[in-house]
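Comments concern the structure below.
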Amino acid sequence: MHTPSNEIMVTIRGLKKSFGENMVLKGVDLTVRRGEVVVVIGASGSGKSTLLRCINLMEIPDVGTIHVAGESIGDNAADGSFRMFPDKVVNRLRTGMGMVFQHFNLFSHLTALENVTIGPITVNRIDPEEAKRLGVEMLTKVGMVDKADAYPSRLSGGQKQRVAIARALAMRPKLILFDEPTSALDPELVGDVLATMKQLADEGMTMIIVTHEMGFAREVADRVLFFDGGSVLEEGTPAQIFCQPQQERTRDFLRRVLSPAATVQHPPLEPAVNTETQATPDSSLTRRPT
Amino acid sequence: MNYQFQWGVVIDNLPYLLNGVWLTLMVTAVSLAAAIVIGLGIGLLRISHRPSLRRIATIYIEIFRNTPALVQLIWVYYCLPVLTGINLDPISSCMLALSINGAAYVAEIFRAGIQAVPSGQAEAARSIGMSYALTMRKIVLPQAVRHMIPPFVNEAVSILKYSSLVSVLGVADLTYQAQTLSTTTFRPIEIFTFIGVVYFLLCWAMSATAQYFERRLKASS
């Protein structure tokens, strides 16, 4: 089991983001230590993905500060509004943060190996031979080295996602952001991806994971954040969140995702969270009921 | 119909007519190459994040798509020198006119091709720190090219056909040669039927070659 250090990797203060009239993030504070695995759960549209996308500047935050490895990733005005650094700086900052997407986004005109090496070659400008060694090493790590020469169209969803993880790893990131990495996978393919992620966690990678895999969250997370309406409503250890949720909305959410029957049929009279979580101890690889 | 075809006039003047083919191909090739370069630039402006740049590209495209190529050609040859003092010979004027006209269409092809590449591709590239230019060059354009081949061949064929307009400026292309030959031999039916066939074969060869490469590209992916 990994143990996070006391060194701070990510600090977010007062992060706000709106899309037009719709305020998606309403002031998020978050501190992530090096080596920590933070899992973000919450209903669709609660702002989880937007949070990740703000951290690696895929979205431009409106207000707030974000520090990654001690460095501010934005140029804040006096009134706190967030301003982007020049492209060059943004590109450099992004190399330090890996991102794994729900739909993999493997480069479809490149082989698995080329997908992994293109970043090191074009961005870090390392020697192509050296990059190839690095690529093979990363594909080996995710168990995909035998598919090194395959194009993404020949890979299953789970294989694609593992290559995507290798692609992120090849940049030697300080942290990796996972945006619902298993939501687009067939149920039988989820396990391999989660196992790869668990392995990364055990090796001490700092990870922020948006997921609906409650079993995985319970097993691997150091801390679970429950997102609701654009802010963190509740956070704690997996045991605290899953066994003793303090907020009614958290209980409500967990009841819905953990017991599919409840959403289809009448809700049970008693909140079933506690018994639910204990009744399925080995559910690390269970998939969110859909 | 009692017209007596006399194909001898075509056969006797074959070298003269085919001489025009070279000029047609040359004008087409140069115009096409220039249209690609200008069109890529306009196409990138068209998808820029800056509204002002997008507007410039849109205005360019609308102007050149909504005025006749023949008017553009004559304008470049007769009006441009008066307004700018730049004097171009007829061939250069033709190539310039066909290039800027073709660029408007090529820009739309680039835009459509680039937008056909899922946005996640560019996003993933940016997420590993690739710059916009690098993302375009290494990730988006190589994939966009596949979507662009069919409309692009259409455009090449259409530039080849438009190149016949250059005869109005006295450039000795295939059409011009046919016209002068007709006036001296009084055999326009044979001559224009013949050059119609020549144009058809040129265009058809272009489409067929493109289809061949398109199939190969598909097979390799």
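Naming works like this for the structure tokens: A, B, ... for the chains as they're shown, residue 1 at the start of each chain, ligands 1 onward in shown order.
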List every residue of chain B that has an atom at most 12 Å from any atom of chain A, and for each one report the closest atom pair and its distance in Å to one decimal, counting only C-alpha atoms, with rows sorted by chain and then by increasing residue number, as a Markdown table.
```
| residue | atom | partner | partner_atom | distance |
| --- | --- | --- | --- | --- |
| B:Val117 | CA | A:Ser108 | CA | 9.9 |
| B:Pro118 | CA | A:Asn105 | CA | 8.6 |
| B:Ser119 | CA | A:Asn105 | CA | 8.9 |
| B:Gly120 | CA | A:Asn105 | CA | 5.4 |
| B:Gln121 | CA | A:Asn105 | CA | 5.5 |
| B:Ala122 | CA | A:Asn105 | CA | 8.7 |
| B:Glu123 | CA | A:Met58 | CA | 7.6 |
| B:Ala124 | CA | A:Asn105 | CA | 6.1 |
| B:Ala125 | CA | A:Gly119 | CA | 8.0 |
| B:Arg126 | CA | A:Asn91 | CA | 7.3 |
| B:Ser127 | CA | A:Arg94 | CA | 5.8 |
| B:Ile128 | CA | A:Thr95 | CA | 5.1 |
| B:Gly129 | CA | A:Asn91 | CA | 4.4 |
| B:Met130 | CA | A:Val123 | CA | 6.0 |
| B:Ser131 | CA | A:Asn91 | CA | 6.3 |
| B:Tyr132 | CA | A:Asp87 | CA | 8.7 |
| B:Ala133 | CA | A:Asp87 | CA | 11.1 |
| B:Leu134 | CA | A:Thr122 | CA | 7.8 |
| B:Thr135 | CA | A:Thr122 | CA | 9.8 |
| B:Arg137 | CA | A:Thr122 | CA | 10.8 |
| B:Lys138 | CA | A:Ile118 | CA | 8.7 |
| B:Ile139 | CA | A:Phe107 | CA | 6.9 |
| B:Val140 | CA | A:Phe107 | CA | 9.0 |
| B:Leu141 | CA | A:His109 | CA | 10.5 |
| B:Pro142 | CA | A:His109 | CA | 7.5 |
| B:Gln143 | CA | A:His109 | CA | 6.5 |
| B:Ala144 | CA | A:His109 | CA | 10.2 |
| B:Val145 | CA | A:His109 | CA | 11.0 |
| B:Arg146 | CA | A:His109 | CA | 10.2 |
| B:Leu217 | CA | A:His109 | CA | 10.6 |
| B:Lys218 | CA | A:His109 | CA | 10.9 |
| B:Ser220 | CA | A:His109 | CA | 9.6 |
| B:Ser221 | CA | A:His109 | CA | 7.0 |
```
Using only C-alpha atoms, find each residue in segment 134-215 of chain A having at least one atom no more than 12 Å away from segment 231-255 of chain A; report its shortest atom-to-atom pair and that distance in Å (one decimal), rows by chain then rising number, as a Markdown table.
```
| residue | atom | partner | partner_atom | distance |
| --- | --- | --- | --- | --- |
| A:His212 | CA | A:Leu254 | CA | 10.3 |
| A:Glu213 | CA | A:Leu254 | CA | 11.4 |
| A:Met214 | CA | A:Phe242 | CA | 8.7 |
| A:Gly215 | CA | A:Pro238 | CA | 9.8 |
```
Atoms kept (all heavy atoms) for selection, written as a short mmCIF file (atom, residue, chain, number, x, y, z; two decimals), in the first residue's frame:
```
data_model
loop_
_atom_site.label_atom_id
_atom_site.label_comp_id
_atom_site.auth_asym_id
_atom_site.auth_seq_id
_atom_site.Cartn_x
_atom_site.Cartn_y
_atom_site.Cartn_z
N HIS A 212 -17.03 6.56 -11.39
CA HIS A 212 -18.25 6.02 -10.80
C HIS A 212 -17.99 4.63 -10.23
O HIS A 212 -18.93 3.93 -9.85
CB HIS A 212 -19.36 5.96 -11.84
CG HIS A 212 -19.76 7.31 -12.35
ND1 HIS A 212 -20.48 8.20 -11.59
CD2 HIS A 212 -19.49 7.95 -13.51
CE1 HIS A 212 -20.67 9.31 -12.27
NE2 HIS A 212 -20.07 9.19 -13.43
N GLU A 213 -16.71 4.22 -10.23
CA GLU A 213 -16.36 2.90 -9.69
C GLU A 213 -16.20 3.01 -8.18
O GLU A 213 -15.12 3.27 -7.67
CB GLU A 213 -15.04 2.41 -10.31
CG GLU A 213 -15.08 2.23 -11.81
CD GLU A 213 -15.97 1.08 -12.23
OE1 GLU A 213 -16.22 0.18 -11.40
OE2 GLU A 213 -16.43 1.10 -13.38
N MET A 214 -17.30 2.79 -7.47
CA MET A 214 -17.27 2.98 -6.02
C MET A 214 -16.37 1.94 -5.35
O MET A 214 -15.69 2.22 -4.38
CB MET A 214 -18.68 2.89 -5.44
CG MET A 214 -19.58 3.99 -5.96
SD MET A 214 -18.91 5.63 -5.63
CE MET A 214 -19.53 6.51 -7.05
N GLY A 215 -16.36 0.73 -5.90
CA GLY A 215 -15.52 -0.32 -5.33
C GLY A 215 -14.05 0.08 -5.42
O GLY A 215 -13.28 -0.08 -4.45
#
```
Report the residues of segment 116-200 of chain B whose backbone DSSP state falls under alpha helix (DSSP H), written as a ChimeraX atom specification. /B:116,119-127,132-134,141-162,174-185,188-200
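For the pair atom CA of Gln115 of chain B and atom CA of Met136 of chain B, the interatomic distance is 11.6 Å.
One distance worth recording is that between atom CA of Ala77 of chain A and atom CA of Val32 of chain A, which is 24.2 Å.
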Neighbours of Leu52 of chain A within 9 Å (only C-alpha atoms; same-chain residues fewer than 6 positions away dropped), as a PyMOL selection string? chain A and resi 58-59+99+177-179+208-210
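Across the model, the gap from atom CA of Val28 of chain A to atom CA of Thr65 of chain A is 9.9 Å.
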